[in-house]
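Q: First the structure, then my questions, so here it is.
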Amino acid sequence: MLEANQWTNNEKLLSKLWQRTLIEWKRPASYVSPLSTWLRPGLNKKGIRHLQKLGEKDLAWDDSDWLKLTQRMLDDDVDDVISILSDALSFARVRAFHGCRSADPGSYHQNGLRLNDPSVLAANLRALVFAEEGLAFYKANIDRMIAQFENRDRDRGQVHLALDDRTQTNDAGHYLLYGSEWMQCILGFGAHNALLKWGYPTIVLVDLPLNMVASGTRDELARALLQEWTRIKVNRPDWVPERDFTFTLARAIPPDLVVGHEHPAWIRDPYYGGTRRPNDRLVCPSCSTRVTAE
């Protein structure tokens, strides 16, 4: 059984450690050192050096057996340690990403990321249909199509962020290429050509305080970080795996947490066999304004 005082005796010191930490999955240096420091109170006599001396292991990067190696250097059960780490991470922030297609990417810096609201989505869809010549076909029936949409309340009151921006371009490119799934479900594949011509494929960067994240999701993140930390200590890899990990929040993201936005050079289209589509809209008016201001 884990002795609470191993960590709680240093609670103030360790909380300051995580308060200074911005976790970036693609940059392991952002969390490897803090995690090593945090683990010290729970190490047995073998310690971290034991992992470093094991030699390279032929395990897949996402194999849970990495945590069996972690267990070798801990006094207590690795699952208990993960639970305490999850609580500790509530003091930290994580760089997270939101993929979308927007006519005004600069609006996220002013308004943040709002929760999904079907009435707002419906109003935006009507405005888009009447503004875009390529969607004129839908004008006569758009109100009926919206009214008959059976999944109108999908994702109501939620906002989704990804831990790894590569998943946005490689696996979930339809958000960048065509806009929200809510809109896509109503318009169907027939609108794809027109949707490819409006707005800007955009990845919004958010420095997300992990105290905004549900404890269950933070548990999963703690497990993922400790497992990858172990792989790094043992195998010393020179690459970072692409991690499919989503933060689903029931709270809007205020604008002060939005730290930037990007327009990727290419996006894989999951609707058309993963076709790699180039993006010719790499700079939006907001990008120009920000560059000029800098």
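Chain labels A, B, ... are given in the sequence in which chains occur in the structure tokens; within each chain residues are numbered consecutively from 1, and ligands are likewise numbered from 1 in the order shown.
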Residues within 12 Å of A:Gln71, please, as a ChimeraX atom specification. Count only C-alpha atoms; anything in the same chain fewer than 5 positions from it doesn't count.

A: /A:39,42-44,46-48,50-51,64-66,76-82,226-227,230

Q: Any idea what's packed within 9 Å of A:Arg126, counting only C-alpha atoms, ignoring anything in its chain fewer than 6 positions away? Could you give it as a PyMOL selection string?

A: chain A and resi 139+142-143

Q: Name the residues in contact with A:Pro278 at a cut-off of 8 Å, using only C-alpha atoms, excluding same-chain residues fewer than 4 positions from it; report them as an MDAnalysis selection string.

A: chainID A and resid 265:267

Q: Could the residues in this selection be written to a file with N, CA and C atoms, as a JSON list (two decimals), in the first residue's frame?

A:
```
[["chain", "number", "residue", "atom", "x", "y", "z"],
["A", 265, "ALA", "N", 0.32, 22.56, -44.02],
["A", 265, "ALA", "CA", 0.62, 22.56, -45.45],
["A", 265, "ALA", "C", -0.12, 21.47, -46.21],
["A", 266, "TRP", "N", -0.50, 20.41, -45.50],
["A", 266, "TRP", "CA", -1.24, 19.32, -46.14],
["A", 266, "TRP", "C", -2.09, 18.61, -45.09],
["A", 267, "ILE", "N", -3.13, 17.93, -45.59],
["A", 267, "ILE", "CA", -4.07, 17.22, -44.71],
["A", 267, "ILE", "C", -4.48, 15.93, -45.41]]
```

Q: Which polymer residues have any atom within 8 Å of an atom of A:Ala96, counting only C-alpha atoms, with same-chain residues fewer than 4 positions away left out, as a short mmCIF file (atom, residue, chain, number, x, y, z; two decimals) with all heavy atoms, in the first residue's frame?

A:
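And here's result.cif as it stands now:
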```
data_model
loop_
_atom_site.label_atom_id
_atom_site.label_comp_id
_atom_site.auth_asym_id
_atom_site.auth_seq_id
_atom_site.Cartn_x
_atom_site.Cartn_y
_atom_site.Cartn_z
N LEU A 161 -10.26 18.65 -27.72
CA LEU A 161 -8.88 19.03 -28.00
C LEU A 161 -8.04 17.77 -28.11
O LEU A 161 -8.33 16.76 -27.45
CB LEU A 161 -8.32 19.92 -26.88
CG LEU A 161 -9.06 21.22 -26.59
CD1 LEU A 161 -8.56 21.82 -25.28
CD2 LEU A 161 -8.86 22.21 -27.72
N ALA A 162 -6.98 17.83 -28.91
CA ALA A 162 -6.08 16.69 -29.09
C ALA A 162 -4.74 16.95 -28.43
O ALA A 162 -4.27 18.09 -28.37
CB ALA A 162 -5.87 16.42 -30.58
N LEU A 163 -4.14 15.88 -27.92
CA LEU A 163 -2.81 15.97 -27.31
C LEU A 163 -1.71 16.14 -28.35
O LEU A 163 -0.70 16.78 -28.10
CB LEU A 163 -2.55 14.71 -26.48
CG LEU A 163 -1.18 14.56 -25.82
CD1 LEU A 163 -0.96 15.64 -24.76
CD2 LEU A 163 -1.03 13.17 -25.20
N ASP A 164 -1.93 15.57 -29.54
CA ASP A 164 -0.90 15.53 -30.58
C ASP A 164 -1.49 16.12 -31.85
O ASP A 164 -2.48 15.60 -32.39
CB ASP A 164 -0.47 14.07 -30.80
CG ASP A 164 0.74 13.93 -31.71
OD1 ASP A 164 1.00 14.83 -32.52
OD2 ASP A 164 1.42 12.89 -31.61
N ASP A 165 -0.91 17.21 -32.36
CA ASP A 165 -1.47 17.87 -33.54
C ASP A 165 -1.38 17.00 -34.80
O ASP A 165 -2.13 17.21 -35.75
CB ASP A 165 -0.80 19.22 -33.78
CG ASP A 165 0.68 19.11 -34.11
OD1 ASP A 165 1.34 18.17 -33.62
OD2 ASP A 165 1.19 19.98 -34.85
N LEU A 205 -4.03 26.36 -31.13
CA LEU A 205 -3.14 25.92 -30.05
C LEU A 205 -3.65 26.45 -28.71
O LEU A 205 -3.92 27.65 -28.58
CB LEU A 205 -1.71 26.41 -30.28
CG LEU A 205 -0.84 25.70 -31.32
CD1 LEU A 205 -1.44 25.81 -32.72
CD2 LEU A 205 0.56 26.27 -31.31
N VAL A 206 -3.80 25.54 -27.75
CA VAL A 206 -4.33 25.89 -26.43
C VAL A 206 -3.38 25.37 -25.36
O VAL A 206 -2.97 24.21 -25.39
CB VAL A 206 -5.73 25.26 -26.22
CG1 VAL A 206 -6.22 25.51 -24.80
CG2 VAL A 206 -6.72 25.79 -27.25
N ASP A 207 -3.01 26.22 -24.41
CA ASP A 207 -2.27 25.78 -23.23
C ASP A 207 -3.29 25.50 -22.14
O ASP A 207 -3.75 26.41 -21.43
CB ASP A 207 -1.25 26.84 -22.80
CG ASP A 207 -0.01 26.81 -23.69
OD1 ASP A 207 0.07 25.94 -24.58
OD2 ASP A 207 0.87 27.67 -23.49
N LEU A 208 -3.67 24.24 -22.04
CA LEU A 208 -4.81 23.82 -21.24
C LEU A 208 -4.41 23.48 -19.81
O LEU A 208 -3.61 22.56 -19.58
CB LEU A 208 -5.45 22.59 -21.90
CG LEU A 208 -6.63 21.95 -21.19
CD1 LEU A 208 -7.84 22.90 -21.20
CD2 LEU A 208 -6.99 20.62 -21.86
#
```

Q: Write out as a VMD selection string which residues come within 7 Å of stretch 103-120 of chain A when counting only C-alpha atoms, dropping same-chain ones fewer than 3 positions away.

A: chain A and resid 123 to 124 152 to 153 155 to 159 198 to 200 202 251 to 255 258 286

Q: Could you pull out all residues of stretch 70-274 of chain A with a DSSP call of helix (DSSP H, G or I) and give them as an NGL selection string?

A: :A and (70-71 or 78-91 or 107-111 or 118-131 or 133-147 or 166-170 or 173-178 or 181-187 or 189-195 or 210-212 or 215-235 or 255-257 or 270-272)

Q: Go ahead and write the selection's residues with C-alpha atoms as a tab-separated table (two decimals), in the first residue's frame.

A:
```tsv
chain	number	residue	atom	x	y	z
A	70	THR	CA	8.46	0.92	-14.35
A	71	GLN	CA	7.27	-1.26	-11.50
A	78	VAL	CA	2.51	1.35	-10.33
A	79	ASP	CA	-1.26	1.90	-10.58
A	80	ASP	CA	-1.24	3.66	-7.20
A	81	VAL	CA	1.62	5.85	-8.37
A	82	ILE	CA	-0.30	6.71	-11.54
A	83	SER	CA	-3.29	7.74	-9.44
A	84	ILE	CA	-1.17	10.13	-7.35
A	85	LEU	CA	0.54	11.44	-10.47
A	86	SER	CA	-2.88	12.19	-11.96
A	87	ASP	CA	-3.67	14.42	-8.98
A	88	ALA	CA	-0.27	16.10	-9.22
A	89	LEU	CA	-0.81	16.88	-12.90
A	90	SER	CA	-3.78	19.06	-11.97
A	91	PHE	CA	-1.19	21.78	-11.27
A	107	SER	CA	-11.80	34.96	-33.79
A	108	TYR	CA	-10.43	32.19	-31.55
A	109	HIS	CA	-7.93	34.66	-30.09
A	110	GLN	CA	-10.82	37.00	-29.28
A	111	ASN	CA	-13.54	34.55	-28.24
A	118	PRO	CA	-26.88	23.28	-32.06
A	119	SER	CA	-28.70	26.60	-32.43
A	120	VAL	CA	-25.44	28.43	-33.17
A	121	LEU	CA	-24.30	25.66	-35.52
A	122	ALA	CA	-27.62	25.86	-37.38
A	123	ALA	CA	-27.36	29.64	-37.77
A	124	ASN	CA	-23.78	29.35	-39.01
A	125	LEU	CA	-24.74	26.65	-41.50
A	126	ARG	CA	-27.62	28.73	-42.90
A	127	ALA	CA	-25.30	31.73	-43.29
A	128	LEU	CA	-22.68	29.60	-45.04
A	129	VAL	CA	-25.18	28.09	-47.49
A	130	PHE	CA	-26.45	31.54	-48.48
A	131	ALA	CA	-22.96	33.02	-48.71
A	133	GLU	CA	-22.16	30.07	-54.44
A	134	GLY	CA	-21.14	26.41	-54.51
A	135	LEU	CA	-23.76	25.63	-51.84
A	136	ALA	CA	-26.65	27.46	-53.55
A	137	PHE	CA	-28.28	24.11	-54.32
A	138	TYR	CA	-29.11	23.72	-50.61
A	139	LYS	CA	-30.82	27.09	-50.10
A	140	ALA	CA	-34.39	25.92	-50.70
A	141	ASN	CA	-34.17	22.94	-48.36
A	142	ILE	CA	-31.65	23.87	-45.69
A	143	ASP	CA	-34.22	24.57	-42.96
A	144	ARG	CA	-35.92	21.22	-43.58
A	145	MET	CA	-32.57	19.41	-43.63
A	146	ILE	CA	-31.59	20.94	-40.29
A	147	ALA	CA	-34.98	20.14	-38.74
A	166	ARG	CA	-0.38	15.15	-35.99
A	167	THR	CA	-3.64	13.31	-35.39
A	168	GLN	CA	-5.46	16.36	-36.75
A	169	THR	CA	-3.75	16.20	-40.13
A	170	ASN	CA	-3.28	12.42	-40.39
A	173	GLY	CA	-8.43	15.72	-41.47
A	174	HIS	CA	-12.14	16.00	-42.29
A	175	TYR	CA	-12.51	18.75	-39.65
A	176	LEU	CA	-9.77	20.80	-41.34
A	177	LEU	CA	-10.98	20.08	-44.86
A	178	TYR	CA	-14.76	20.35	-44.54
A	181	GLU	CA	-19.07	16.99	-38.47
A	182	TRP	CA	-22.43	18.49	-37.50
A	183	MET	CA	-22.44	20.48	-40.73
A	184	GLN	CA	-20.99	17.67	-42.81
A	185	CYS	CA	-23.67	15.22	-41.70
A	186	ILE	CA	-26.42	17.56	-42.88
A	187	LEU	CA	-24.89	18.58	-46.21
A	189	PHE	CA	-20.62	14.38	-49.62
A	190	GLY	CA	-22.20	16.49	-52.35
A	191	ALA	CA	-21.01	19.63	-50.58
A	192	HIS	CA	-17.35	18.61	-50.34
A	193	ASN	CA	-16.08	20.51	-53.37
A	194	ALA	CA	-17.66	23.73	-52.16
A	195	LEU	CA	-16.53	23.25	-48.56
A	210	LEU	CA	-5.14	20.16	-16.44
A	211	ASN	CA	-7.40	21.11	-13.55
A	212	MET	CA	-10.02	21.73	-16.25
A	215	SER	CA	-10.06	13.13	-13.42
A	216	GLY	CA	-10.56	10.01	-15.55
A	217	THR	CA	-8.92	11.67	-18.55
A	218	ARG	CA	-6.09	12.93	-16.35
A	219	ASP	CA	-5.61	9.33	-15.13
A	220	GLU	CA	-5.21	8.22	-18.74
A	221	LEU	CA	-2.75	11.03	-19.43
A	222	ALA	CA	-0.70	10.15	-16.33
A	223	ARG	CA	-0.51	6.53	-17.51
A	224	ALA	CA	0.48	7.57	-21.04
A	225	LEU	CA	3.21	9.93	-19.80
A	226	LEU	CA	4.69	7.43	-17.35
A	227	GLN	CA	4.68	4.69	-19.97
A	228	GLU	CA	6.41	6.89	-22.54
A	229	TRP	CA	8.84	8.16	-19.88
A	230	THR	CA	9.83	4.54	-19.21
A	231	ARG	CA	10.30	3.79	-22.92
A	232	ILE	CA	12.54	6.84	-23.21
A	233	LYS	CA	14.65	5.85	-20.20
A	234	VAL	CA	15.07	2.28	-21.45
A	235	ASN	CA	15.31	2.58	-25.25
A	255	PRO	CA	-9.29	33.36	-25.14
A	256	ASP	CA	-6.36	33.81	-22.77
A	257	LEU	CA	-5.64	30.06	-23.10
A	270	PRO	CA	-10.19	10.17	-44.45
A	271	TYR	CA	-13.20	10.19	-46.78
A	272	TYR	CA	-11.11	9.51	-49.87
```

Q: Counting only C-alpha atoms, figure out which residue out of A:Ser180, A:Thr246, A:Ser102, A:Asn151 gets nearest to A:Val204.

A: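 Of A:Ser180, A:Thr246, A:Ser102, A:Asn151, the one nearest A:Val204 is A:Ser102, counting only C-alpha atoms.
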
Q: Could you check the closest approach to A:His263 for each of A:His98, A:His160, A:Asp63, A:Asp75 and tell me which residue wins, using only C-alpha atoms?

A: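 Among the listed residues, A:His98 lies closest to A:His263.
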
Q: Just checking: using only C-alpha atoms, which residue out of A:Val240, A:Cys287, A:Ala172, A:Leu54 ends up closest to A:His261?

A: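 Residue with the minimum atom-to-atom distance to A:His261: A:Cys287.
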
Q: Let me make sure I understand: among A:Arg268, A:Arg243, A:Arg95, A:Lys68, which one has the smallest atom-to-atom distance to A:Thr21 if we use only C-alpha atoms?

A: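 Closest residue, counting only C-alpha atoms: A:Arg95.
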
Q: From the options A:Trp239, A:Arg101, A:Met73, A:Glu150, which residue's atoms come nearest to A:Trp25, counting only C-alpha atoms?

A: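 Going through A:Trp239, A:Arg101, A:Met73, A:Glu150 one by one, the smallest distance to A:Trp25 is for A:Trp239.
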
Q: Within stretch 202-265 of chain A, find each residue whose DSSP state, derived from the backbone, is strand (DSSP E), and express the selection as a short mmCIF file (atom, residue, chain, number, x, y, z; two decimals) with all heavy atoms, in the first residue's frame.

A:
```
data_model
loop_
_atom_site.label_atom_id
_atom_site.label_comp_id
_atom_site.auth_asym_id
_atom_site.auth_seq_id
_atom_site.Cartn_x
_atom_site.Cartn_y
_atom_site.Cartn_z
N THR A 202 -7.48 25.11 -40.07
CA THR A 202 -6.84 25.75 -38.92
C THR A 202 -6.66 24.78 -37.76
O THR A 202 -7.57 24.02 -37.43
CB THR A 202 -7.68 26.95 -38.44
OG1 THR A 202 -7.85 27.87 -39.52
CG2 THR A 202 -7.02 27.66 -37.27
N ILE A 203 -5.48 24.83 -37.15
CA ILE A 203 -5.24 24.13 -35.89
C ILE A 203 -5.02 25.20 -34.83
O ILE A 203 -4.09 26.00 -34.92
CB ILE A 203 -4.04 23.19 -35.97
CG1 ILE A 203 -4.30 22.07 -36.99
CG2 ILE A 203 -3.75 22.58 -34.60
CD1 ILE A 203 -3.14 21.11 -37.17
N VAL A 204 -5.90 25.22 -33.84
CA VAL A 204 -5.83 26.19 -32.75
C VAL A 204 -4.99 25.59 -31.62
O VAL A 204 -5.22 24.45 -31.22
CB VAL A 204 -7.24 26.55 -32.24
CG1 VAL A 204 -7.15 27.60 -31.14
CG2 VAL A 204 -8.12 27.04 -33.39
N LEU A 205 -4.03 26.36 -31.13
CA LEU A 205 -3.14 25.92 -30.05
C LEU A 205 -3.65 26.45 -28.71
O LEU A 205 -3.92 27.65 -28.58
CB LEU A 205 -1.71 26.41 -30.28
CG LEU A 205 -0.84 25.70 -31.32
CD1 LEU A 205 -1.44 25.81 -32.72
CD2 LEU A 205 0.56 26.27 -31.31
N VAL A 206 -3.80 25.54 -27.75
CA VAL A 206 -4.33 25.89 -26.43
C VAL A 206 -3.38 25.37 -25.36
O VAL A 206 -2.97 24.21 -25.39
CB VAL A 206 -5.73 25.26 -26.22
CG1 VAL A 206 -6.22 25.51 -24.80
CG2 VAL A 206 -6.72 25.79 -27.25
N ASP A 207 -3.01 26.22 -24.41
CA ASP A 207 -2.27 25.78 -23.23
C ASP A 207 -3.29 25.50 -22.14
O ASP A 207 -3.75 26.41 -21.43
CB ASP A 207 -1.25 26.84 -22.80
CG ASP A 207 -0.01 26.81 -23.69
OD1 ASP A 207 0.07 25.94 -24.58
OD2 ASP A 207 0.87 27.67 -23.49
N LEU A 208 -3.67 24.24 -22.04
CA LEU A 208 -4.81 23.82 -21.24
C LEU A 208 -4.41 23.48 -19.81
O LEU A 208 -3.61 22.56 -19.58
CB LEU A 208 -5.45 22.59 -21.90
CG LEU A 208 -6.63 21.95 -21.19
CD1 LEU A 208 -7.84 22.90 -21.20
CD2 LEU A 208 -6.99 20.62 -21.86
N PRO A 209 -4.95 24.19 -18.81
CA PRO A 209 -4.70 23.80 -17.42
C PRO A 209 -5.36 22.44 -17.15
O PRO A 209 -6.55 22.24 -17.44
CB PRO A 209 -5.37 24.90 -16.60
CG PRO A 209 -5.53 26.05 -17.55
CD PRO A 209 -5.75 25.42 -18.90
N THR A 246 -7.62 12.37 -26.75
CA THR A 246 -8.55 13.50 -26.82
C THR A 246 -8.96 13.98 -25.44
O THR A 246 -9.25 13.17 -24.55
CB THR A 246 -9.82 13.10 -27.61
OG1 THR A 246 -9.45 12.68 -28.92
CG2 THR A 246 -10.79 14.27 -27.71
N PHE A 247 -8.97 15.29 -25.27
CA PHE A 247 -9.54 15.92 -24.08
C PHE A 247 -10.94 16.40 -24.45
O PHE A 247 -11.10 17.23 -25.34
CB PHE A 247 -8.70 17.12 -23.63
CG PHE A 247 -7.27 16.79 -23.30
CD1 PHE A 247 -6.27 17.00 -24.23
CD2 PHE A 247 -6.94 16.27 -22.06
CE1 PHE A 247 -4.95 16.71 -23.93
CE2 PHE A 247 -5.62 15.97 -21.73
CZ PHE A 247 -4.62 16.18 -22.67
N THR A 248 -11.95 15.88 -23.77
CA THR A 248 -13.33 16.32 -23.98
C THR A 248 -13.75 17.13 -22.77
O THR A 248 -13.78 16.60 -21.65
CB THR A 248 -14.27 15.13 -24.19
OG1 THR A 248 -13.87 14.41 -25.37
CG2 THR A 248 -15.70 15.60 -24.36
N LEU A 249 -14.05 18.40 -22.99
CA LEU A 249 -14.39 19.29 -21.88
C LEU A 249 -15.83 19.76 -21.97
O LEU A 249 -16.38 19.91 -23.07
CB LEU A 249 -13.46 20.50 -21.87
CG LEU A 249 -11.99 20.22 -21.58
CD1 LEU A 249 -11.21 20.16 -22.88
CD2 LEU A 249 -11.41 21.26 -20.66
N VAL A 258 -5.78 30.49 -25.49
CA VAL A 258 -5.45 30.29 -26.91
C VAL A 258 -4.13 30.99 -27.19
O VAL A 258 -4.04 32.22 -27.11
CB VAL A 258 -6.56 30.82 -27.83
CG1 VAL A 258 -6.14 30.70 -29.30
CG2 VAL A 258 -7.86 30.06 -27.59
N VAL A 259 -3.10 30.22 -27.51
CA VAL A 259 -1.75 30.79 -27.64
C VAL A 259 -1.28 30.88 -29.09
O VAL A 259 -0.17 31.36 -29.34
CB VAL A 259 -0.74 29.97 -26.81
CG1 VAL A 259 -1.06 30.06 -25.33
CG2 VAL A 259 -0.71 28.50 -27.26
N GLY A 260 -2.11 30.46 -30.02
CA GLY A 260 -1.71 30.56 -31.41
C GLY A 260 -2.63 29.76 -32.31
O GLY A 260 -3.54 29.06 -31.85
N HIS A 261 -2.40 29.88 -33.60
CA HIS A 261 -3.08 29.02 -34.57
C HIS A 261 -2.16 28.80 -35.76
O HIS A 261 -1.27 29.61 -36.03
CB HIS A 261 -4.43 29.60 -35.01
CG HIS A 261 -4.31 30.79 -35.92
ND1 HIS A 261 -4.26 32.10 -35.46
CD2 HIS A 261 -4.24 30.88 -37.28
CE1 HIS A 261 -4.17 32.92 -36.48
NE2 HIS A 261 -4.14 32.20 -37.60
N GLU A 262 -2.38 27.67 -36.44
CA GLU A 262 -1.54 27.29 -37.57
C GLU A 262 -2.41 26.80 -38.72
O GLU A 262 -3.54 26.34 -38.50
CB GLU A 262 -0.56 26.18 -37.16
CG GLU A 262 0.36 26.55 -36.01
CD GLU A 262 1.16 25.37 -35.49
OE1 GLU A 262 0.79 24.21 -35.83
OE2 GLU A 262 2.14 25.59 -34.74
#
```
